[in-house]
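Structure below is run-v8.tsv: TSV, C-alpha atoms and all ligand atoms.
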chain	number	residue	atom	x	y	z
K	1	MET	CA	-216.90	-65.76	-74.49
K	2	THR	CA	-214.20	-64.86	-71.98
K	3	GLU	CA	-211.01	-63.65	-73.57
K	4	THR	CA	-207.81	-65.37	-72.54
K	5	MET	CA	-204.25	-64.34	-71.85
K	6	LEU	CA	-200.90	-66.06	-71.51
K	7	ALA	CA	-199.29	-66.28	-68.09
K	8	ALA	CA	-196.27	-68.13	-66.68
K	9	ARG	CA	-197.52	-70.12	-63.69
K	10	LEU	CA	-195.44	-71.98	-61.16
K	11	HIS	CA	-197.03	-75.28	-60.06
K	12	ASP	CA	-194.05	-76.80	-58.25
K	13	HIS	CA	-190.95	-75.16	-56.76
K	14	ASN	CA	-188.76	-77.82	-58.36
K	15	ALA	CA	-190.20	-77.54	-61.86
K	16	PRO	CA	-190.17	-74.86	-64.56
K	17	MET	CA	-193.09	-72.44	-64.85
K	18	ARG	CA	-195.82	-73.47	-67.29
K	19	ILE	CA	-197.01	-71.08	-69.97
K	20	GLU	CA	-200.79	-71.28	-69.68
K	21	SER	CA	-203.88	-69.70	-71.09
K	22	LEU	CA	-206.04	-68.07	-68.39
K	23	PRO	CA	-209.11	-65.84	-68.50
K	24	ILE	CA	-208.32	-62.10	-68.63
K	25	PRO	CA	-209.46	-60.84	-65.20
K	26	GLU	CA	-212.29	-58.35	-64.66
K	27	PRO	CA	-211.58	-55.40	-62.37
K	28	ARG	CA	-213.40	-55.08	-59.03
K	29	ALA	CA	-214.92	-51.67	-58.20
K	30	THR	CA	-211.71	-49.89	-57.12
K	31	ASP	CA	-209.27	-51.95	-59.19
K	32	VAL	CA	-207.86	-51.69	-62.69
K	33	VAL	CA	-206.67	-54.17	-65.30
K	34	VAL	CA	-203.23	-53.47	-66.75
K	35	GLU	CA	-201.89	-54.94	-69.97
K	36	VAL	CA	-198.27	-55.70	-69.06
K	37	LYS	CA	-195.69	-54.25	-71.44
K	38	ALA	CA	-192.57	-55.17	-69.42
K	39	CYS	CA	-191.82	-57.01	-66.18
K	40	ASN	CA	-188.46	-57.00	-64.48
K	41	VAL	CA	-186.72	-60.32	-64.11
K	42	VAL	CA	-185.26	-59.08	-60.81
K	43	PRO	CA	-181.91	-60.44	-59.63
K	44	ASN	CA	-183.51	-61.99	-56.56
K	45	LEU	CA	-186.38	-63.87	-58.29
K	46	ARG	CA	-184.45	-67.11	-58.67
K	47	ASN	CA	-183.54	-67.01	-54.94
K	48	VAL	CA	-187.12	-66.35	-53.97
K	49	LEU	CA	-188.43	-69.29	-55.97
K	50	ALA	CA	-185.70	-71.70	-54.95
K	51	THR	CA	-184.80	-70.86	-51.35
K	52	TYR	CA	-187.21	-68.51	-49.59
K	53	ALA	CA	-189.53	-71.26	-48.36
K	54	GLU	CA	-186.54	-72.77	-46.53
K	55	TRP	CA	-184.48	-69.65	-45.61
K	56	PHE	CA	-187.25	-67.24	-44.67
K	57	PRO	CA	-190.34	-69.07	-43.39
K	58	TYR	CA	-191.56	-65.67	-42.13
K	59	LEU	CA	-191.68	-64.43	-45.75
K	60	PRO	CA	-194.32	-66.77	-47.22
K	61	LEU	CA	-194.74	-67.24	-50.96
K	62	PRO	CA	-198.18	-67.43	-52.58
K	63	LYS	CA	-199.86	-70.83	-52.62
K	64	LEU	CA	-199.17	-72.67	-55.87
K	65	PRO	CA	-200.04	-72.53	-58.66
K	66	ALA	CA	-199.07	-68.86	-58.75
K	67	VAL	CA	-198.08	-66.23	-61.28
K	68	PHE	CA	-194.88	-64.48	-60.14
K	69	GLY	CA	-193.25	-61.28	-61.43
K	70	LEU	CA	-192.45	-58.30	-59.19
K	71	ASP	CA	-192.13	-55.12	-61.18
K	72	ALA	CA	-194.51	-54.53	-64.06
K	73	SER	CA	-195.30	-51.55	-66.25
K	74	GLY	CA	-198.02	-51.35	-68.84
K	75	VAL	CA	-201.23	-49.74	-70.06
K	76	VAL	CA	-204.58	-49.61	-68.23
K	77	THR	CA	-207.18	-51.51	-70.29
K	78	ALA	CA	-210.15	-51.57	-67.89
K	79	VAL	CA	-211.19	-49.71	-64.75
K	80	GLY	CA	-213.68	-50.64	-62.01
K	81	SER	CA	-216.93	-48.73	-61.44
K	82	GLN	CA	-215.50	-46.71	-58.51
K	83	VAL	CA	-212.13	-45.87	-60.06
K	84	SER	CA	-211.36	-42.16	-60.33
K	85	ASP	CA	-208.23	-40.43	-61.58
K	86	VAL	CA	-207.13	-43.40	-63.71
K	87	ALA	CA	-208.33	-43.93	-67.26
K	88	VAL	CA	-208.10	-46.60	-69.91
K	89	GLY	CA	-204.94	-45.92	-71.91
K	90	ASP	CA	-202.91	-44.55	-68.98
K	91	ARG	CA	-199.26	-45.68	-68.97
K	92	VAL	CA	-198.42	-46.93	-65.50
K	93	TYR	CA	-195.96	-48.67	-63.22
K	94	VAL	CA	-197.74	-51.02	-60.81
K	95	ASN	CA	-196.41	-50.76	-57.27
K	96	PRO	CA	-196.66	-54.42	-56.21
K	97	GLY	CA	-196.68	-53.54	-52.49
K	98	LEU	CA	-200.18	-54.44	-51.30
K	99	SER	CA	-201.58	-53.49	-47.91
K	100	CYS	CA	-204.95	-53.94	-46.19
K	101	GLY	CA	-205.87	-50.26	-46.56
K	102	ALA	CA	-207.69	-50.11	-43.23
K	103	CYS	CA	-205.35	-50.76	-40.29
K	104	ARG	CA	-203.71	-48.02	-38.23
K	105	ALA	CA	-200.50	-48.09	-40.33
K	106	CYS	CA	-202.45	-47.92	-43.58
K	107	ARG	CA	-204.56	-45.04	-42.31
K	108	GLN	CA	-201.34	-43.23	-41.39
K	109	GLY	CA	-200.22	-43.64	-45.01
K	110	ALA	CA	-197.45	-46.01	-43.93
K	111	ASP	CA	-198.45	-48.95	-46.09
K	112	GLN	CA	-195.15	-50.78	-45.65
K	113	ASN	CA	-195.88	-51.02	-41.91
K	114	CYS	CA	-199.18	-52.83	-42.51
K	115	ASP	CA	-199.27	-56.30	-40.91
K	116	SER	CA	-200.61	-57.62	-44.21
K	117	TYR	CA	-197.91	-56.07	-46.41
K	118	THR	CA	-197.40	-58.29	-49.44
K	119	PHE	CA	-195.54	-58.10	-52.73
K	120	MET	CA	-197.95	-59.12	-55.46
K	121	GLY	CA	-196.33	-61.87	-57.52
K	122	TYR	CA	-193.42	-62.29	-55.12
K	123	PHE	CA	-193.70	-62.92	-51.36
K	124	ALA	CA	-195.48	-61.63	-48.26
K	125	PHE	CA	-194.24	-60.41	-44.87
K	126	GLY	CA	-196.53	-62.62	-42.82
K	127	GLU	CA	-199.32	-65.17	-42.87
K	128	ARG	CA	-201.94	-62.51	-43.62
K	129	GLY	CA	-200.43	-62.13	-47.09
K	130	GLN	CA	-202.32	-65.02	-48.66
K	131	ARG	CA	-205.55	-63.01	-48.53
K	132	LEU	CA	-203.93	-60.34	-50.68
K	133	PHE	CA	-202.35	-62.93	-53.01
K	134	ASP	CA	-205.87	-64.31	-53.49
K	135	ALA	CA	-207.27	-60.83	-54.18
K	136	TYR	CA	-204.49	-59.96	-56.67
K	137	PRO	CA	-203.32	-63.30	-58.09
K	138	PHE	CA	-201.31	-62.09	-61.10
K	139	GLY	CA	-197.68	-61.05	-60.99
K	140	GLY	CA	-196.05	-59.39	-63.97
K	141	LEU	CA	-195.12	-62.63	-65.76
K	142	SER	CA	-198.50	-62.47	-67.44
K	143	GLU	CA	-200.15	-60.55	-70.28
K	144	TYR	CA	-202.59	-58.84	-67.89
K	145	LEU	CA	-202.83	-58.23	-64.16
K	146	THR	CA	-205.22	-56.54	-61.75
K	147	ALA	CA	-204.16	-53.91	-59.21
K	148	PRO	CA	-205.74	-51.44	-56.78
K	149	GLN	CA	-206.03	-47.96	-58.31
K	150	ARG	CA	-204.00	-46.56	-55.39
K	151	ASN	CA	-200.99	-48.68	-56.39
K	152	LEU	CA	-200.57	-47.07	-59.79
K	153	VAL	CA	-197.71	-44.72	-60.65
K	154	LYS	CA	-198.37	-42.74	-63.82
K	155	LEU	CA	-195.42	-42.85	-66.17
K	156	PRO	CA	-194.52	-39.62	-67.97
K	157	ASP	CA	-194.37	-40.04	-71.77
K	158	THR	CA	-190.58	-39.77	-71.69
K	159	VAL	CA	-190.22	-42.77	-69.34
K	160	SER	CA	-190.26	-46.06	-71.27
K	161	PHE	CA	-192.00	-49.23	-70.08
K	162	ASP	CA	-188.54	-50.86	-69.83
K	163	GLU	CA	-187.42	-48.09	-67.49
K	164	GLY	CA	-190.70	-48.24	-65.57
K	165	ALA	CA	-190.17	-51.94	-64.89
K	166	ARG	CA	-187.01	-50.97	-63.01
K	167	PHE	CA	-188.89	-48.78	-60.54
K	168	GLY	CA	-188.86	-51.35	-57.73
K	169	TYR	CA	-185.12	-51.29	-57.17
K	170	LEU	CA	-184.90	-47.61	-58.10
K	171	GLY	CA	-187.74	-46.67	-55.76
K	172	THR	CA	-186.24	-48.64	-52.88
K	173	ALA	CA	-183.08	-46.56	-53.20
K	174	TYR	CA	-185.09	-43.33	-53.63
K	175	SER	CA	-187.03	-43.93	-50.41
K	176	ALA	CA	-183.84	-44.70	-48.47
K	177	LEU	CA	-182.21	-41.47	-49.67
K	178	ARG	CA	-185.32	-39.46	-48.73
K	179	LYS	CA	-185.34	-41.03	-45.25
K	180	ALA	CA	-181.70	-39.95	-44.91
K	181	ASN	CA	-182.66	-36.39	-45.95
K	182	THR	CA	-180.46	-36.46	-49.04
K	183	GLY	CA	-180.76	-33.13	-50.81
K	184	PRO	CA	-178.77	-30.29	-52.35
K	185	GLY	CA	-175.11	-30.41	-51.33
K	186	SER	CA	-175.43	-33.73	-49.47
K	187	SER	CA	-172.74	-36.38	-49.33
K	188	VAL	CA	-173.63	-40.07	-49.54
K	189	LEU	CA	-171.68	-43.31	-49.28
K	190	ILE	CA	-173.27	-46.17	-51.22
K	191	ASP	CA	-171.93	-49.54	-50.13
K	192	GLY	CA	-172.18	-51.76	-53.22
K	193	ILE	CA	-172.64	-48.97	-55.75
K	194	SER	CA	-172.28	-51.02	-58.94
K	195	GLY	CA	-175.11	-53.51	-58.26
K	196	THR	CA	-178.76	-53.14	-59.24
K	197	LEU	CA	-179.77	-51.46	-55.99
K	198	GLY	CA	-176.54	-49.48	-55.61
K	199	LEU	CA	-176.62	-48.02	-59.11
K	200	GLY	CA	-180.23	-46.99	-58.47
K	201	ALA	CA	-179.08	-45.22	-55.30
K	202	CYS	CA	-176.33	-43.47	-57.26
K	203	LEU	CA	-178.67	-42.23	-60.01
K	204	ASN	CA	-181.22	-41.02	-57.45
K	205	ALA	CA	-178.57	-39.34	-55.29
K	206	LEU	CA	-177.44	-37.42	-58.39
K	207	ALA	CA	-181.07	-36.46	-59.09
K	208	LEU	CA	-181.66	-35.29	-55.51
K	209	GLY	CA	-178.67	-32.95	-55.64
K	210	ALA	CA	-176.02	-34.86	-53.69
K	211	THR	CA	-172.71	-33.30	-54.68
K	212	ARG	CA	-170.37	-35.99	-53.36
K	213	ILE	CA	-171.28	-39.61	-53.87
K	214	PHE	CA	-168.88	-42.27	-52.62
K	215	GLY	CA	-169.20	-45.86	-53.71
K	216	THR	CA	-167.66	-49.21	-52.89
K	217	GLY	CA	-167.60	-52.31	-55.05
K	218	ARG	CA	-165.47	-55.28	-56.01
K	219	ASN	CA	-165.05	-54.94	-59.75
K	220	GLN	CA	-162.86	-51.97	-60.70
K	221	GLU	CA	-164.08	-51.87	-64.32
K	222	LEU	CA	-167.68	-51.60	-63.18
K	223	LEU	CA	-166.72	-48.96	-60.63
K	224	ASP	CA	-165.00	-46.97	-63.39
K	225	ASP	CA	-168.21	-47.14	-65.44
K	226	VAL	CA	-170.18	-45.83	-62.46
K	227	LYS	CA	-167.71	-42.99	-61.93
K	228	ALA	CA	-167.96	-42.05	-65.61
K	229	ILE	CA	-171.64	-41.12	-65.08
K	230	ALA	CA	-170.57	-37.96	-63.22
K	231	PRO	CA	-166.79	-37.93	-62.65
K	232	GLU	CA	-166.77	-34.68	-60.63
K	233	ARG	CA	-169.36	-35.95	-58.16
K	234	ILE	CA	-168.74	-39.70	-57.90
K	235	PHE	CA	-165.75	-41.28	-56.09
K	236	VAL	CA	-165.25	-45.06	-56.09
K	237	THR	CA	-163.02	-47.58	-54.35
K	238	ASN	CA	-162.59	-51.34	-54.33
K	239	ASP	CA	-160.15	-51.24	-51.43
K	240	HIS	CA	-162.03	-53.08	-48.70
K	241	GLU	CA	-159.01	-53.42	-46.42
K	242	GLY	CA	-157.99	-49.79	-46.00
K	243	GLY	CA	-159.78	-47.29	-43.80
K	244	LEU	CA	-162.96	-46.47	-45.68
K	245	GLY	CA	-163.80	-43.65	-43.27
K	246	ASP	CA	-160.37	-42.07	-43.86
K	247	TRP	CA	-160.71	-42.39	-47.63
K	248	VAL	CA	-164.10	-40.70	-47.57
K	249	ARG	CA	-162.88	-37.86	-45.35
K	250	LYS	CA	-159.89	-37.30	-47.62
K	251	HIS	CA	-162.25	-36.59	-50.54
K	252	ASN	CA	-164.96	-34.82	-48.50
K	253	ASN	CA	-163.12	-31.82	-47.03
K	254	GLY	CA	-162.20	-33.81	-43.93
K	255	ASP	CA	-165.81	-34.59	-43.04
K	256	GLY	CA	-167.79	-37.82	-42.90
K	257	VAL	CA	-170.86	-38.36	-45.08
K	258	ASP	CA	-174.43	-37.30	-44.31
K	259	ALA	CA	-175.78	-40.68	-45.33
K	260	VAL	CA	-174.67	-44.27	-45.80
K	261	ILE	CA	-176.93	-46.37	-48.02
K	262	ASP	CA	-176.14	-50.05	-47.62
K	263	CYS	CA	-176.92	-51.94	-50.83
K	264	LEU	CA	-174.84	-55.07	-50.21
K	265	GLY	CA	-176.25	-58.43	-51.29
K	266	PRO	CA	-177.20	-61.43	-49.13
K	267	GLY	CA	-173.70	-62.96	-49.02
K	268	ALA	CA	-171.88	-59.74	-48.11
K	269	PRO	CA	-169.54	-59.77	-45.09
K	270	VAL	CA	-170.64	-57.80	-42.04
K	271	ALA	CA	-167.18	-56.17	-41.87
K	272	SER	CA	-168.02	-54.21	-45.01
K	273	PHE	CA	-171.13	-52.80	-43.35
K	274	THR	CA	-169.32	-51.70	-40.19
K	275	ARG	CA	-166.55	-50.10	-42.28
K	276	ALA	CA	-169.21	-48.08	-44.08
K	277	LEU	CA	-170.65	-46.90	-40.74
K	278	SER	CA	-167.18	-45.49	-39.90
K	279	ALA	CA	-167.63	-42.99	-42.75
K	280	LEU	CA	-170.71	-41.33	-41.17
K	281	ARG	CA	-170.37	-37.81	-39.87
K	282	ARG	CA	-171.89	-36.75	-36.56
K	283	GLY	CA	-175.64	-36.66	-37.03
K	284	GLY	CA	-175.43	-38.89	-40.10
K	285	VAL	CA	-178.02	-41.48	-41.06
K	286	ALA	CA	-177.27	-45.03	-42.24
K	287	VAL	CA	-180.03	-46.84	-44.11
K	288	ASP	CA	-179.96	-50.55	-44.90
K	289	ILE	CA	-181.81	-51.66	-48.03
K	290	GLY	CA	-179.52	-54.54	-49.07
K	291	GLY	CA	-179.98	-58.18	-48.27
K	292	MET	CA	-177.00	-58.70	-45.94
K	293	MET	CA	-177.92	-61.60	-43.67
K	294	GLU	CA	-174.99	-61.68	-41.24
K	295	ARG	CA	-175.75	-60.13	-37.86
K	296	VAL	CA	-174.23	-56.73	-37.22
K	297	GLU	CA	-172.54	-55.71	-33.98
K	298	VAL	CA	-173.19	-52.02	-33.50
K	299	ASP	CA	-171.42	-49.67	-31.07
K	300	MET	CA	-174.70	-48.04	-30.09
K	301	PHE	CA	-173.09	-45.91	-27.36
K	302	ALA	CA	-170.72	-44.31	-29.87
K	303	MET	CA	-173.61	-43.82	-32.28
K	304	MET	CA	-175.70	-42.23	-29.55
K	305	CYS	CA	-172.86	-39.84	-28.62
K	306	ALA	CA	-172.54	-38.86	-32.29
K	307	GLN	CA	-176.34	-38.64	-32.79
K	308	GLN	CA	-176.15	-41.15	-35.63
K	309	SER	CA	-179.12	-43.20	-36.78
K	310	LEU	CA	-179.40	-46.64	-38.30
K	311	LEU	CA	-182.60	-47.38	-40.22
K	312	GLY	CA	-184.08	-50.36	-41.99
K	313	SER	CA	-186.07	-49.29	-45.03
K	314	LEU	CA	-188.43	-51.48	-47.04
K	315	TRP	CA	-189.52	-50.61	-50.56
K	316	PHE	CA	-191.28	-47.22	-50.93
K	317	SER	CA	-194.68	-45.59	-50.95
K	318	THR	CA	-196.64	-45.15	-54.18
K	319	ALA	CA	-196.36	-41.39	-53.58
K	320	GLU	CA	-192.55	-41.64	-53.46
K	321	ALA	CA	-192.55	-43.67	-56.68
K	322	GLN	CA	-194.70	-40.98	-58.33
K	323	GLU	CA	-192.20	-38.28	-57.25
K	324	MET	CA	-189.41	-40.38	-58.74
K	325	ALA	CA	-191.39	-40.88	-61.96
K	326	GLU	CA	-191.74	-37.09	-62.29
K	327	LEU	CA	-188.00	-36.65	-61.76
K	328	ALA	CA	-187.34	-39.25	-64.46
K	329	GLY	CA	-189.89	-37.68	-66.78
K	330	ALA	CA	-188.21	-34.30	-66.46
K	331	GLY	CA	-184.77	-35.81	-67.08
K	332	VAL	CA	-183.58	-34.88	-63.57
K	333	LEU	CA	-183.31	-38.59	-62.81
K	334	ASP	CA	-181.33	-39.82	-65.82
K	335	LEU	CA	-182.03	-43.48	-66.58
K	336	SER	CA	-180.25	-43.50	-69.95
K	337	VAL	CA	-177.34	-45.58	-68.60
K	338	LEU	CA	-179.58	-48.65	-68.15
K	339	GLU	CA	-179.05	-51.46	-70.67
K	340	HIS	CA	-182.29	-53.31	-71.37
K	341	HIS	CA	-182.23	-57.03	-72.23
K	342	ARG	CA	-185.63	-58.27	-73.27
K	343	PHE	CA	-186.91	-61.87	-73.20
K	344	PRO	CA	-190.29	-63.00	-74.53
K	345	LEU	CA	-192.58	-64.16	-71.70
K	346	GLU	CA	-192.75	-67.60	-73.31
K	347	LYS	CA	-188.97	-67.98	-72.74
K	348	ILE	CA	-189.04	-67.07	-69.03
K	349	ASN	CA	-187.73	-70.47	-67.89
K	350	GLU	CA	-184.79	-70.31	-70.27
K	351	ALA	CA	-184.16	-66.72	-69.16
K	352	LEU	CA	-184.14	-67.66	-65.46
K	353	ASP	CA	-181.89	-70.67	-66.10
K	354	SER	CA	-179.25	-68.88	-68.09
K	355	LEU	CA	-179.28	-65.14	-67.76
K	356	PRO	CA	-176.38	-63.77	-69.81
K	357	ALA	CA	-173.45	-62.09	-68.07
K	358	ARG	CA	-174.57	-58.90	-66.40
K	359	HIS	CA	-172.92	-55.52	-66.74
K	360	GLY	CA	-173.51	-55.08	-63.01
K	361	GLY	CA	-176.48	-52.89	-62.13
K	362	PHE	CA	-176.49	-51.34	-65.61
K	363	THR	CA	-178.21	-54.47	-66.95
K	364	ASN	CA	-182.00	-54.54	-66.83
K	365	PHE	CA	-183.49	-57.99	-67.59
K	366	LEU	CA	-187.08	-57.83	-68.74
K	367	SER	CA	-189.85	-60.24	-69.62
K	368	ILE	CA	-191.98	-58.91	-72.47
K	369	PRO	CA	-195.43	-60.49	-72.96
K	401	ZN	ZN	-203.02	-52.21	-43.28

Written form, structure tokens:
Amino acid sequence: MTETMLAARLHDHNAPMRIESLPIPEPRATDVVVEVKACNVVPNLRNVLATYAEWFPYLPLPKLPAVFGLDASGVVTAVGSQVSDVAVGDRVYVNPGLSCGACRACRQGADQNCDSYTFMGYFAFGERGQRLFDAYPFGGLSEYLTAPQRNLVKLPDTVSFDEGARFGYLGTAYSALRKANTGPGSSVLIDGISGTLGLGACLNALALGATRIFGTGRNQELLDDVKAIAPERIFVTNDHEGGLGDWVRKHNNGDGVDAVIDCLGPGAPVASFTRALSALRRGGVAVDIGGMMERVEVDMFAMMCAQQSLLGSLWFSTAEAQEMAELAGAGVLDLSVLEHHRFPLEKINEALDSLPARHGGFTNFLSIP
């Protein structure tokens, strides 16, 4: 008799998910089955379910019914016949970024540049995504899911499942900082430092050795809480009218920053983004990982003269997430400031409808099967 599991499945975009009993999947040759211990209820999930079909037709959702859930951590319970290097009992984070594995980008190790790139349990970046949704039909709002062995990040014993389920937003920030060459003695401006993405950028910048981290935000109390993480290294401001570049230079020995990491949300004004660019030093790198939708006017000639770069960065590689996991395991990346709020999987609809007030990016909402 096939064993069954509970999963929250969406049948209709205008109706709640249904908690259903489904067969526990069997792994294909190079796949594993993971028993989910925590899945992030990411801040953007509600948007994705409610508006993506209309706002972003180029980011297709899986055909319904579908099991959503972006960021899952758990324990490997079964491995396929060709799986090596992963064993039953391993504690893992599942990188939901799926790629075809065979195209030129994939062979270069640049999975995010694959034309088929797809977030398991979330959305795809093109029409080719449905094939991967079909191959890996379970997001993290389920008791079990299947994943390719190459998408697994092993969690050190000192990293909890709750922390592991935050790796998506943390890893996105980590990859952006690496692309901007953030390292010992670097300076970084994080636009939107107190949100989920921005706080992840702050914690990772501390871990990577940045000595001056500047952050903008709206809520002064939240900004004060961010500053308290490392008062000698973190500088915050909610003054969006004044000269941000001047403020940064005043606290950075007269120099601009090496990197700007833009973590602003979808509704953020473009003026905030261009103000942040004014804080870059010559040769600095700005990386956008936020969801700002307004179009940016960029003075490319000035940026060229100053050798500045502007990058878009999507998600992260599994290798980058493993590096980050090691940093967290060794305590170099300190995740102890996160505040975990756990909901039973069966209550996912109630959780999505009425998430309690958030303590900015400190809050980590989780579904627990
Ligand atoms: Zn590919």

Quick one: residues within 7 Å of Gly360 of chain K, all atoms listed in the file counted, chain neighbours fewer than 6 positions away excluded, as a PyMOL selection string?
-> chain K and resi 194-196+222

Contact check, chain K to ligand ZN 401 (chain K), at most 12 Å, counting all atoms listed in the file, closest pairs as a Markdown table:
| residue | atom | partner | partner_atom | distance |
| --- | --- | --- | --- | --- |
| K:Gly97 | CA | K:ZN401 | ZN | 11.3 |
| K:Leu98 | CA | K:ZN401 | ZN | 8.8 |
| K:Ser99 | CA | K:ZN401 | ZN | 5.0 |
| K:Cys100 | CA | K:ZN401 | ZN | 3.9 |
| K:Gly101 | CA | K:ZN401 | ZN | 4.8 |
| K:Ala102 | CA | K:ZN401 | ZN | 5.1 |
| K:Cys103 | CA | K:ZN401 | ZN | 4.1 |
| K:Arg104 | CA | K:ZN401 | ZN | 6.6 |
| K:Ala105 | CA | K:ZN401 | ZN | 5.7 |
| K:Cys106 | CA | K:ZN401 | ZN | 4.3 |
| K:Arg107 | CA | K:ZN401 | ZN | 7.4 |
| K:Gln108 | CA | K:ZN401 | ZN | 9.3 |
| K:Gly109 | CA | K:ZN401 | ZN | 9.2 |
| K:Ala110 | CA | K:ZN401 | ZN | 8.4 |
| K:Asp111 | CA | K:ZN401 | ZN | 6.3 |
| K:Gln112 | CA | K:ZN401 | ZN | 8.3 |
| K:Asn113 | CA | K:ZN401 | ZN | 7.4 |
| K:Cys114 | CA | K:ZN401 | ZN | 4.0 |
| K:Asp115 | CA | K:ZN401 | ZN | 6.0 |
| K:Ser116 | CA | K:ZN401 | ZN | 6.0 |
| K:Tyr117 | CA | K:ZN401 | ZN | 7.1 |
| K:Thr118 | CA | K:ZN401 | ZN | 10.3 |
| K:Arg128 | CA | K:ZN401 | ZN | 10.4 |
| K:Gly129 | CA | K:ZN401 | ZN | 10.9 |
| K:Leu132 | CA | K:ZN401 | ZN | 11.0 |

Take the point (-185.1, -49.6, -49.7) as written in the file and pick out every residue within 8 Å of it, counting only C-alpha atoms; give the list as a list in words.
->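 Output of the proximity query reads Tyr169, Gly171, Thr172, Ala173, Tyr174, Ser175, Ala176, Asp288, Ile289, Gly290, Gly312, Ser313, Leu314, Trp315 and Phe316 of chain K.
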
Nearest to Val36 of chain K: which of K:Leu22, K:Ala72, K:Ala330, K:Ala124 is it, counting all atoms listed in the file?
-> K:Ala72

Using all atoms listed in the file, collect all residues at a distance of at most 10 Å from (-204.7, -47.5, -72.0) as written in the file, then present them as an NGL selection string.
-> :K and (33-35 or 74-79 or 86-92)

Those same residues, written as a PDB file, in the frame of the given file with C-alpha atoms?
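To be explicit, this is the file written out as again23.pdb:
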ATOM      1  CA  VAL K  33    -206.670 -54.170 -65.300  1.00  0.00           C
ATOM      2  CA  VAL K  34    -203.230 -53.470 -66.750  1.00  0.00           C
ATOM      3  CA  GLU K  35    -201.890 -54.940 -69.970  1.00  0.00           C
ATOM      4  CA  GLY K  74    -198.020 -51.350 -68.840  1.00  0.00           C
ATOM      5  CA  VAL K  75    -201.230 -49.740 -70.060  1.00  0.00           C
ATOM      6  CA  VAL K  76    -204.580 -49.610 -68.230  1.00  0.00           C
ATOM      7  CA  THR K  77    -207.180 -51.510 -70.290  1.00  0.00           C
ATOM      8  CA  ALA K  78    -210.150 -51.570 -67.890  1.00  0.00           C
ATOM      9  CA  VAL K  79    -211.190 -49.710 -64.750  1.00  0.00           C
ATOM     10  CA  VAL K  86    -207.130 -43.400 -63.710  1.00  0.00           C
ATOM     11  CA  ALA K  87    -208.330 -43.930 -67.260  1.00  0.00           C
ATOM     12  CA  VAL K  88    -208.100 -46.600 -69.910  1.00  0.00           C
ATOM     13  CA  GLY K  89    -204.940 -45.920 -71.910  1.00  0.00           C
ATOM     14  CA  ASP K  90    -202.910 -44.550 -68.980  1.00  0.00           C
ATOM     15  CA  ARG K  91    -199.260 -45.680 -68.970  1.00  0.00           C
ATOM     16  CA  VAL K  92    -198.420 -46.930 -65.500  1.00  0.00           C
TER      17      VAL K  92
END

Residues at most 8 Å from segment 226-231 of chain K, counting all atoms listed in the file, excluding those fewer than 5 positions away in the same chain, as a list in words?
->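 Skipping anything fewer than 5 positions along the chain leaves Ile193, Ser194, Leu199 and Val236 of chain K.
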
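As for atom CA of Ala135 of chain K and atom CA of Leu70 of chain K, they are spaced 15.8 Å apart.
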
Have segment 134-144 of chain K completed to N, CA and C atoms, please, and pass it along as an mmCIF file, in the coordinates of the input.
data_model
loop_
_atom_site.group_PDB
_atom_site.id
_atom_site.type_symbol
_atom_site.label_atom_id
_atom_site.label_comp_id
_atom_site.auth_asym_id
_atom_site.auth_seq_id
_atom_site.Cartn_x
_atom_site.Cartn_y
_atom_site.Cartn_z
ATOM 1 N N ASP K 134 -204.619 -63.818 -52.901
ATOM 2 C CA ASP K 134 -205.870 -64.310 -53.490
ATOM 3 C C ASP K 134 -206.619 -63.166 -54.199
ATOM 4 N N ALA K 135 -206.543 -61.967 -53.600
ATOM 5 C CA ALA K 135 -207.270 -60.830 -54.180
ATOM 6 C C ALA K 135 -206.593 -60.335 -55.464
ATOM 7 N N TYR K 136 -205.259 -60.440 -55.503
ATOM 8 C CA TYR K 136 -204.490 -59.960 -56.670
ATOM 9 C C TYR K 136 -203.547 -61.082 -57.112
ATOM 10 N N PRO K 137 -204.076 -62.068 -57.855
ATOM 11 C CA PRO K 137 -203.320 -63.300 -58.090
ATOM 12 C C PRO K 137 -202.304 -63.249 -59.237
ATOM 13 N N PHE K 138 -202.191 -62.096 -59.925
ATOM 14 C CA PHE K 138 -201.310 -62.090 -61.100
ATOM 15 C C PHE K 138 -200.091 -61.217 -60.867
ATOM 16 N N GLY K 139 -198.909 -61.832 -60.925
ATOM 17 C CA GLY K 139 -197.680 -61.050 -60.990
ATOM 18 C C GLY K 139 -197.470 -60.593 -62.415
ATOM 19 N N GLY K 140 -196.312 -59.984 -62.660
ATOM 20 C CA GLY K 140 -196.050 -59.390 -63.970
ATOM 21 C C GLY K 140 -195.658 -60.363 -65.063
ATOM 22 N N LEU K 141 -195.465 -61.654 -64.726
ATOM 23 C CA LEU K 141 -195.120 -62.630 -65.760
ATOM 24 C C LEU K 141 -196.425 -63.139 -66.386
ATOM 25 N N SER K 142 -197.162 -62.213 -66.934
ATOM 26 C CA SER K 142 -198.500 -62.470 -67.440
ATOM 27 C C SER K 142 -198.820 -61.363 -68.444
ATOM 28 N N GLU K 143 -199.780 -61.612 -69.318
ATOM 29 C CA GLU K 143 -200.150 -60.550 -70.280
ATOM 30 C C GLU K 143 -200.988 -59.459 -69.630
ATOM 31 N N TYR K 144 -201.747 -59.830 -68.596
ATOM 32 C CA TYR K 144 -202.590 -58.840 -67.890
ATOM 33 C C TYR K 144 -202.488 -59.104 -66.396
#
